[in-house]
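Novice: If it helps, the file is called work.cif and holds mmCIF, C-alpha atoms:
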data_structure
loop_
_atom_site.label_atom_id
_atom_site.label_comp_id
_atom_site.auth_asym_id
_atom_site.auth_seq_id
_atom_site.Cartn_x
_atom_site.Cartn_y
_atom_site.Cartn_z
CA MET V 1 191.88 -50.65 117.95
CA PRO V 2 189.32 -51.11 120.73
CA ASP V 3 186.69 -48.40 121.22
CA GLU V 4 186.97 -48.78 124.95
CA LYS V 5 189.94 -47.23 126.71
CA PRO V 6 192.14 -49.34 128.97
CA LYS V 7 190.97 -49.25 132.56
CA ILE V 8 193.85 -50.45 134.74
CA LYS V 9 196.91 -48.28 135.32
CA GLN V 10 200.18 -49.14 137.00
CA ARG V 11 202.00 -46.62 139.15
CA GLU V 12 204.64 -44.40 137.53
CA ARG V 13 207.48 -46.52 136.20
CA LEU V 14 210.98 -46.31 134.82
CA ILE V 15 212.45 -47.70 131.63
CA TYR V 16 216.08 -47.81 130.59
CA GLY V 17 218.25 -48.69 127.62
CA ARG V 18 218.70 -46.77 124.39
CA HIS V 19 216.22 -48.60 122.17
CA PRO V 20 213.40 -48.78 124.76
CA VAL V 21 213.74 -45.08 125.65
CA LEU V 22 213.74 -43.93 122.03
CA ASP V 23 210.75 -46.17 121.34
CA ALA V 24 208.89 -44.75 124.37
CA LEU V 25 209.57 -41.22 123.13
CA GLN V 26 207.99 -42.09 119.80
CA ARG V 27 204.94 -43.47 121.62
CA GLN V 28 204.71 -40.22 123.60
CA ILE V 29 204.64 -41.83 127.04
CA VAL V 30 207.82 -40.22 128.44
CA LYS V 31 207.73 -37.55 131.14
CA ARG V 32 211.48 -36.97 131.66
CA VAL V 33 214.78 -38.41 130.41
CA TYR V 34 218.10 -38.65 132.27
CA PHE V 35 221.33 -39.41 130.43
CA PHE V 36 224.88 -40.13 131.54
CA GLU V 37 226.64 -36.79 131.14
CA ASN V 38 229.65 -38.32 129.34
CA LEU V 39 227.38 -39.21 126.42
CA ALA V 40 226.96 -35.54 125.45
CA GLY V 41 228.07 -34.99 121.87
CA SER V 42 227.83 -38.65 120.87
CA ARG V 43 225.69 -39.87 117.96
CA PHE V 44 223.22 -41.45 120.34
CA TYR V 45 222.99 -38.26 122.42
CA ASN V 46 222.20 -36.22 119.30
CA GLU V 47 219.44 -38.65 118.37
CA LEU V 48 218.10 -38.61 121.93
CA GLU V 49 218.19 -34.80 122.10
CA ASP V 50 216.33 -34.46 118.80
CA ALA V 51 213.66 -36.91 119.94
CA CYS V 52 213.19 -35.13 123.29
CA LEU V 53 213.00 -31.69 121.64
CA SER V 54 210.42 -32.90 119.12
CA LYS V 55 208.24 -34.32 121.90
CA GLY V 56 208.78 -31.51 124.39
CA VAL V 57 210.40 -33.81 126.95
CA GLU V 58 212.97 -32.59 129.48
CA LEU V 59 216.46 -34.07 129.00
CA LYS V 60 218.72 -33.92 132.04
CA PRO V 61 222.44 -34.85 132.37
CA VAL V 62 223.30 -36.96 135.44
CA SER V 63 226.20 -38.94 136.82
CA ASP V 64 226.63 -42.68 136.47
CA GLU V 65 226.16 -42.88 140.25
CA TYR V 66 222.73 -41.29 139.91
CA LEU V 67 221.64 -43.83 137.31
CA GLU V 68 222.92 -46.67 139.48
CA SER V 69 221.08 -45.29 142.52
CA ARG V 70 217.80 -45.60 140.63
CA LEU V 71 218.44 -48.70 138.55
CA GLY V 72 221.05 -50.70 140.43
CA LYS V 73 223.55 -52.68 138.36
CA SER V 74 221.27 -53.00 135.32
CA ASN V 75 222.60 -52.52 131.79
CA HIS V 76 221.07 -49.06 131.42
CA GLN V 77 223.34 -47.96 128.52
CA GLY V 78 223.53 -44.49 130.02
CA VAL V 79 219.87 -43.51 129.72
CA LEU V 80 216.81 -43.61 131.98
CA ALA V 81 213.28 -42.36 131.39
CA GLU V 82 210.36 -41.69 133.69
CA VAL V 83 207.26 -42.71 131.78
CA LEU V 84 203.52 -42.48 132.21
CA PRO V 85 201.79 -45.33 134.05
CA PHE V 86 201.38 -48.39 131.84
CA GLU V 87 197.79 -48.85 130.71
CA TYR V 88 196.38 -52.36 130.56
CA TYR V 89 193.45 -53.17 128.33
CA SER V 90 190.23 -54.56 129.71
CA LEU V 91 189.14 -58.08 128.72
CA ASP V 92 186.23 -56.51 126.82
CA SER V 93 188.74 -54.50 124.77
CA ILE V 94 190.67 -57.65 123.87
CA ILE V 95 187.42 -59.37 122.84
CA HIS V 96 186.54 -56.32 120.74
CA ILE V 97 189.80 -56.78 118.80
CA ILE V 98 188.99 -60.37 117.77
CA LYS V 99 185.22 -60.04 117.35
CA GLY V 100 184.21 -60.46 113.73
CA THR V 101 187.69 -61.30 112.45
CA LYS V 102 188.40 -64.70 110.93
CA PRO V 103 191.94 -65.68 111.99
CA ALA V 104 192.97 -64.48 115.46
CA SER V 105 195.16 -65.53 118.35
CA ILE V 106 195.29 -64.47 122.00
CA LEU V 107 197.98 -65.46 124.49
CA ILE V 108 197.21 -66.26 128.14
CA LEU V 109 200.20 -66.34 130.51
CA ALA V 110 199.48 -68.09 133.80
CA HIS V 111 201.62 -66.77 136.67
CA LEU V 112 204.81 -65.94 134.82
CA GLU V 113 207.52 -64.92 137.29
CA ASP V 114 210.51 -63.63 135.31
CA PRO V 115 210.19 -60.16 133.70
CA GLY V 116 212.95 -61.10 131.26
CA ASN V 117 210.83 -63.98 129.99
CA PHE V 118 207.78 -61.72 129.79
CA GLY V 119 209.63 -59.16 127.69
CA ALA V 120 210.97 -61.82 125.35
CA ILE V 121 207.49 -63.35 125.00
CA LEU V 122 205.98 -59.96 124.14
CA ARG V 123 208.63 -59.55 121.46
CA SER V 124 207.68 -62.95 119.98
CA ALA V 125 203.98 -62.08 120.19
CA ALA V 126 204.60 -58.88 118.23
CA ALA V 127 206.75 -60.71 115.68
CA PHE V 128 204.09 -63.35 115.01
CA GLY V 129 201.09 -61.03 114.83
CA ILE V 130 199.34 -62.14 118.02
CA ASN V 131 196.25 -60.04 118.75
CA GLY V 132 196.59 -59.70 122.51
CA ALA V 133 198.00 -61.08 125.75
CA ILE V 134 196.32 -61.68 129.11
CA ILE V 135 197.96 -61.95 132.53
CA PRO V 136 196.50 -62.35 136.04
CA ASN V 137 196.54 -59.48 138.53
CA VAL V 138 198.11 -61.59 141.30
CA ARG V 139 201.15 -63.88 141.54
CA SER V 140 202.40 -62.73 138.16
CA VAL V 141 205.02 -60.49 136.66
CA SER V 142 203.68 -57.20 135.32
CA VAL V 143 205.12 -54.60 132.96
CA ASN V 144 208.25 -53.01 134.40
CA ALA V 145 211.63 -51.65 133.28
CA THR V 146 213.09 -55.12 132.65
CA VAL V 147 210.09 -56.12 130.55
CA ALA V 148 210.46 -52.95 128.49
CA LYS V 149 214.18 -53.57 127.98
CA THR V 150 213.91 -57.24 126.98
CA SER V 151 210.94 -56.60 124.68
CA ALA V 152 213.47 -54.67 122.55
CA GLY V 153 211.19 -51.81 121.56
CA THR V 154 208.08 -53.92 120.91
CA LEU V 155 206.25 -53.08 124.16
CA GLY V 156 202.89 -51.57 123.24
CA ILE V 157 202.47 -53.40 119.93
CA VAL V 158 200.49 -56.26 121.49
CA PRO V 159 197.63 -55.14 123.80
CA ILE V 160 197.95 -56.57 127.31
CA ALA V 161 195.00 -57.18 129.61
CA MET V 162 195.25 -57.82 133.35
CA VAL V 163 192.35 -59.85 134.78
CA ALA V 164 191.24 -61.21 138.15
CA ASN V 165 190.48 -64.73 136.90
CA LEU V 166 192.21 -66.39 133.95
CA ARG V 167 189.72 -69.26 133.75
CA SER V 168 186.78 -66.86 133.45
CA ALA V 169 188.67 -64.90 130.80
CA LEU V 170 189.33 -68.07 128.82
CA ILE V 171 185.67 -69.06 128.98
CA GLU V 172 184.65 -65.65 127.66
CA LEU V 173 187.14 -65.89 124.81
CA LYS V 174 185.86 -69.35 123.83
CA LYS V 175 182.38 -67.85 123.44
CA GLU V 176 183.86 -65.88 120.52
CA ASP V 177 184.58 -69.05 118.52
CA MET V 178 188.10 -69.28 119.89
CA TRP V 179 189.73 -72.66 120.57
CA ALA V 180 192.06 -73.03 123.54
CA VAL V 181 195.43 -74.76 123.11
CA GLY V 182 197.34 -75.52 126.32
CA THR V 183 200.67 -77.19 126.91
CA ALA V 184 201.82 -80.02 129.16
CA SER V 185 205.02 -82.05 129.01
CA ASP V 186 203.09 -85.32 129.33
CA ALA V 187 200.36 -84.47 126.81
CA LYS V 188 199.37 -87.21 124.38
CA ASP V 189 199.13 -84.96 121.32
CA ASP V 190 202.14 -83.53 119.52
CA LEU V 191 201.87 -79.81 118.69
CA MET V 192 202.84 -80.47 115.06
CA GLU V 193 200.27 -83.22 114.58
CA ILE V 194 197.06 -81.45 115.59
CA ASP V 195 194.85 -79.47 113.21
CA PHE V 196 195.81 -76.15 114.76
CA PRO V 197 192.84 -73.75 114.94
CA SER V 198 193.00 -70.44 113.08
CA ARG V 199 191.17 -68.78 116.00
CA SER V 200 193.20 -69.80 119.03
CA VAL V 201 193.89 -68.96 122.64
CA ILE V 202 197.41 -70.10 123.50
CA VAL V 203 197.59 -70.98 127.21
CA MET V 204 201.08 -71.04 128.69
CA GLY V 205 202.11 -71.68 132.28
CA GLY V 206 204.64 -70.05 134.57
CA GLU V 207 208.22 -71.15 135.07
CA SER V 208 207.55 -73.15 138.24
CA LYS V 209 204.27 -75.04 137.85
CA GLY V 210 203.17 -74.80 134.25
CA VAL V 211 199.51 -74.36 133.31
CA PRO V 212 197.22 -74.64 136.37
CA PRO V 213 195.02 -77.78 136.23
CA LEU V 214 191.71 -75.86 136.26
CA LEU V 215 192.88 -73.79 133.31
CA LEU V 216 194.15 -76.85 131.47
CA LYS V 217 190.70 -78.48 131.81
CA GLU V 218 189.20 -75.61 129.79
CA CYS V 219 191.60 -76.23 126.89
CA ASP V 220 190.24 -77.88 123.75
CA TYR V 221 193.70 -79.17 122.90
CA VAL V 222 196.53 -80.05 125.27
CA VAL V 223 199.79 -80.55 123.42
CA ARG V 224 203.45 -81.22 124.02
CA ILE V 225 206.45 -79.78 122.19
CA ASN V 226 208.74 -82.60 121.16
CA ILE V 227 212.38 -82.05 122.10
CA SER V 228 215.48 -84.23 122.13
CA SER V 229 215.67 -86.78 124.92
CA GLY V 230 218.85 -85.22 126.31
CA VAL V 231 217.06 -81.94 127.07
CA GLU V 232 214.79 -81.83 130.11
CA SER V 233 212.61 -78.88 129.07
CA LEU V 234 212.46 -75.59 127.20
CA ASN V 235 212.54 -72.16 128.77
CA VAL V 236 208.98 -70.78 128.87
CA SER V 237 209.96 -67.97 126.51
CA ALA V 238 211.29 -70.43 123.92
CA ALA V 239 208.29 -72.73 124.30
CA THR V 240 205.87 -69.82 123.93
CA ALA V 241 207.65 -68.60 120.79
CA ILE V 242 207.19 -72.04 119.22
CA MET V 243 203.49 -72.05 120.09
CA LEU V 244 202.97 -68.52 118.77
CA HIS V 245 204.77 -69.33 115.54
CA ARG V 246 202.48 -72.32 115.04
CA ALA V 247 199.46 -70.08 115.68
CA SER V 248 200.73 -67.53 113.15
CA ILE V 249 201.05 -70.25 110.49
CA ALA V 250 197.44 -71.31 111.10
CA MET V 251 196.25 -67.71 110.83
CA LYS V 252 198.13 -67.13 107.56
CA GLN V 253 196.81 -70.35 106.03
CA THR V 254 193.24 -69.25 106.75
CA LYS V 255 193.84 -65.81 105.21
CA HIS V 256 194.88 -67.47 101.95
CA ILE V 257 191.83 -69.72 101.70
#
Kindly present the structure from the file in structure tokens form.
Specialist:
Amino acid sequence: MPDEKPKIKQRERLIYGRHPVLDALQRQIVKRVYFFENLAGSRFYNELEDACLSKGVELKPVSDEYLESRLGKSNHQGVLAEVLPFEYYSLDSIIHIIKGTKPASILILAHLEDPGNFGAILRSAAAFGINGAIIPNVRSVSVNATVAKTSAGTLGIVPIAMVANLRSALIELKKEDMWAVGTASDAKDDLMEIDFPSRSVIVMGGESKGVPPLLLKECDYVVRINISSGVESLNVSAATAIMLHRASIAMKQTKHI
């Protein structure tokens, strides 16, 4: 892990859902837990109570109306937690992770808008062994309750950095012998036909506009993902998962050389 502590903190946040709350308790970031009072005595409640007692976290019964007042109509599964502010890594910390390693892969997400997509992407990044993710500090989704829920307990596995300028971050990463791979629907090169680098920065765009042109110009490879002619495009989460899987294959092949 990086020697340098993360530097950017978000304000206090909420997470909900049984798996995310139990995971957060294990990571010792929970301040207080509220549960739907009708759950008392259930198997899940017993597991939740044991986890809270072991971590010294207050567990408070509340009504369903209380949960709805704080979370709206979300699928909270009867449990809500107040957690410590999310800590983002600095760019230097992300670089520290990949410095001196042979295979490595970092994900850059340019102006993602949907927290559900972000959570799903973080889950894929964790599944495929990606070393870190980078998001911009403006015009972008950040870590929130929906991200925690859709990441299905994997939030915190992949370090996330928040930066002021994605292009500058990409340039700094390329100085560490990293090769940038961006995506565009009209790209000449097919993802499966390039010699995919074992040290890669995967650059993915937001739902609306894709990868910004200035960022795409910094990419060493610009590729397309071939799909059937009857399908207009892939969801950004699905497209990113395909790219990250390809990166993980390249990293594993290098490890076996």
Novice: For each of V:Met251, V:Leu14, V:Ala239, V:Leu107, take the minimum atom-to-atom distance to V:Leu84, counting all atoms listed in the file, then give the residue where this is smallest.
Specialist: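 Selected residue with least distance to V:Leu84: V:Leu14.
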Novice: Leaving out V:Val57 and any residue of its chain fewer than 6 positions from it, which residues lie within 12 Å of it when counting all atoms listed in the file, given as an MDAnalysis selection string?
Specialist: chainID V and resid 21:22 24:26 28:34 48:51 81:83
Novice: Dig up all the protein and nucleic acid residues within 12 Å of (218.4, -49.0, 125.0) in the file frame, using all atoms listed in the file, and format them as a PDB file with C-alpha atoms, in the frame of the given file.
Specialist:
ATOM      1  CA  ILE V  15     212.450 -47.700 131.630  1.00  0.00           C
ATOM      2  CA  TYR V  16     216.080 -47.810 130.590  1.00  0.00           C
ATOM      3  CA  GLY V  17     218.250 -48.690 127.620  1.00  0.00           C
ATOM      4  CA  ARG V  18     218.700 -46.770 124.390  1.00  0.00           C
ATOM      5  CA  HIS V  19     216.220 -48.600 122.170  1.00  0.00           C
ATOM      6  CA  PRO V  20     213.400 -48.780 124.760  1.00  0.00           C
ATOM      7  CA  VAL V  21     213.740 -45.080 125.650  1.00  0.00           C
ATOM      8  CA  LEU V  22     213.740 -43.930 122.030  1.00  0.00           C
ATOM      9  CA  ASP V  23     210.750 -46.170 121.340  1.00  0.00           C
ATOM     10  CA  ALA V  24     208.890 -44.750 124.370  1.00  0.00           C
ATOM     11  CA  LEU V  25     209.570 -41.220 123.130  1.00  0.00           C
ATOM     12  CA  PHE V  35     221.330 -39.410 130.430  1.00  0.00           C
ATOM     13  CA  PHE V  44     223.220 -41.450 120.340  1.00  0.00           C
ATOM     14  CA  TYR V  45     222.990 -38.260 122.420  1.00  0.00           C
ATOM     15  CA  LEU V  48     218.100 -38.610 121.930  1.00  0.00           C
ATOM     16  CA  SER V  74     221.270 -53.000 135.320  1.00  0.00           C
ATOM     17  CA  ASN V  75     222.600 -52.520 131.790  1.00  0.00           C
ATOM     18  CA  HIS V  76     221.070 -49.060 131.420  1.00  0.00           C
ATOM     19  CA  GLN V  77     223.340 -47.960 128.520  1.00  0.00           C
ATOM     20  CA  GLY V  78     223.530 -44.490 130.020  1.00  0.00           C
ATOM     21  CA  VAL V  79     219.870 -43.510 129.720  1.00  0.00           C
ATOM     22  CA  LEU V  80     216.810 -43.610 131.980  1.00  0.00           C
ATOM     23  CA  ALA V  81     213.280 -42.360 131.390  1.00  0.00           C
ATOM     24  CA  ALA V 145     211.630 -51.650 133.280  1.00  0.00           C
ATOM     25  CA  THR V 146     213.090 -55.120 132.650  1.00  0.00           C
ATOM     26  CA  ALA V 148     210.460 -52.950 128.490  1.00  0.00           C
ATOM     27  CA  LYS V 149     214.180 -53.570 127.980  1.00  0.00           C
ATOM     28  CA  THR V 150     213.910 -57.240 126.980  1.00  0.00           C
ATOM     29  CA  SER V 151     210.940 -56.600 124.680  1.00  0.00           C
ATOM     30  CA  ALA V 152     213.470 -54.670 122.550  1.00  0.00           C
ATOM     31  CA  GLY V 153     211.190 -51.810 121.560  1.00  0.00           C
TER      32      GLY V 153
END
Novice: For the atom pair atom CA of V:Ser54 and atom CA of V:Arg27, what is the interatomic distance in Å to one decimal place?
Specialist: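 One can read the atom CA of V:Ser54 to atom CA of V:Arg27 distance as 12.2 Å.
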Novice: Compile the contact shell of stretch 91-96 of chain V as a PyMOL selection string: residues with an atom at most 12 Å away, counting only C-alpha atoms, same-chain residues fewer than 6 positions apart removed.
Specialist: chain V and resi 1-8+104-108+130-136+158-166+168-178+201
Novice: In Å, rounded to a single decimal, give me how far atom CA of V:Gly119 is from atom CA of V:Val143.
Specialist: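 A separation of 8.3 Å between them.
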Novice: For V:Cys219, which residue among V:Thr101, V:Ser200, V:Thr254, V:Ser233 is the nearest when counting all atoms listed in the file?
Specialist: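 Smallest distance to V:Cys219 is found for V:Ser200.
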Novice: Can you pull out every residue within 12 Å of V:Asn117, counting all atoms listed in the file, but drop anything in the same chain fewer than 6 positions away, and send it as a list of chain:residue names?
Specialist: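 Contacts, in chain order: V:Leu109, V:His111, V:Arg123, V:Ser124, V:Ser140, V:Val141, V:Ser142, V:Val143, V:Thr146, V:Val147, V:Ala148, V:Lys149, V:Thr150, V:Ser151, V:Gly205, V:Gly206, V:Glu207, V:Asn235, V:Val236, V:Ser237, V:Ala238, V:Ala239, V:Thr240, V:Ala241.
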Novice: Using all atoms listed in the file, can you tell me which of V:Gly182, V:Tyr89, V:Ser208, V:Gly100 comes closest to V:Asp114?
Specialist: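 Closest to V:Asp114 of all the choices is V:Ser208.
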Novice: If you count all atoms listed in the file, which residues fall within 12 Å of V:Glu193, apart from same-chain ones fewer than 6 positions away, as an MDAnalysis selection string?
Specialist: chainID V and resid 221:226 246
Novice: Just C-alpha atoms for this one: save the residues we selected as a PDB file, in the coordinates of the input.
Specialist:
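Saved to part36.pdb:
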ATOM      1  CA  TYR V 221     193.700 -79.170 122.900  1.00  0.00           C
ATOM      2  CA  VAL V 222     196.530 -80.050 125.270  1.00  0.00           C
ATOM      3  CA  VAL V 223     199.790 -80.550 123.420  1.00  0.00           C
ATOM      4  CA  ARG V 224     203.450 -81.220 124.020  1.00  0.00           C
ATOM      5  CA  ILE V 225     206.450 -79.780 122.190  1.00  0.00           C
ATOM      6  CA  ASN V 226     208.740 -82.600 121.160  1.00  0.00           C
ATOM      7  CA  ARG V 246     202.480 -72.320 115.040  1.00  0.00           C
TER       8      ARG V 246
END
Novice: What gap, in Å, lies between atom CA of V:Phe118 and atom CA of V:Lys209?
Specialist: 16.0 Å
Novice: Using only C-alpha atoms, give me every residue within 10 Å of (226.6, -38.1, 131.6) in file coordinates, as a compact mmCIF listing (two decimals) with C-alpha atoms, keeping the file's coordinate frame.
Specialist:
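That gives us point_9.txt:
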# COMPACT_ATOMS: atom_id res chain seq x y z
CA TYR V 34 218.10 -38.65 132.27
CA PHE V 35 221.33 -39.41 130.43
CA PHE V 36 224.88 -40.13 131.54
CA GLU V 37 226.64 -36.79 131.14
CA ASN V 38 229.65 -38.32 129.34
CA LEU V 39 227.38 -39.21 126.42
CA ALA V 40 226.96 -35.54 125.45
CA TYR V 45 222.99 -38.26 122.42
CA LYS V 60 218.72 -33.92 132.04
CA PRO V 61 222.44 -34.85 132.37
CA VAL V 62 223.30 -36.96 135.44
CA SER V 63 226.20 -38.94 136.82
CA ASP V 64 226.63 -42.68 136.47
CA GLU V 65 226.16 -42.88 140.25
CA TYR V 66 222.73 -41.29 139.91
CA LEU V 67 221.64 -43.83 137.31
CA GLY V 78 223.53 -44.49 130.02
CA VAL V 79 219.87 -43.51 129.72
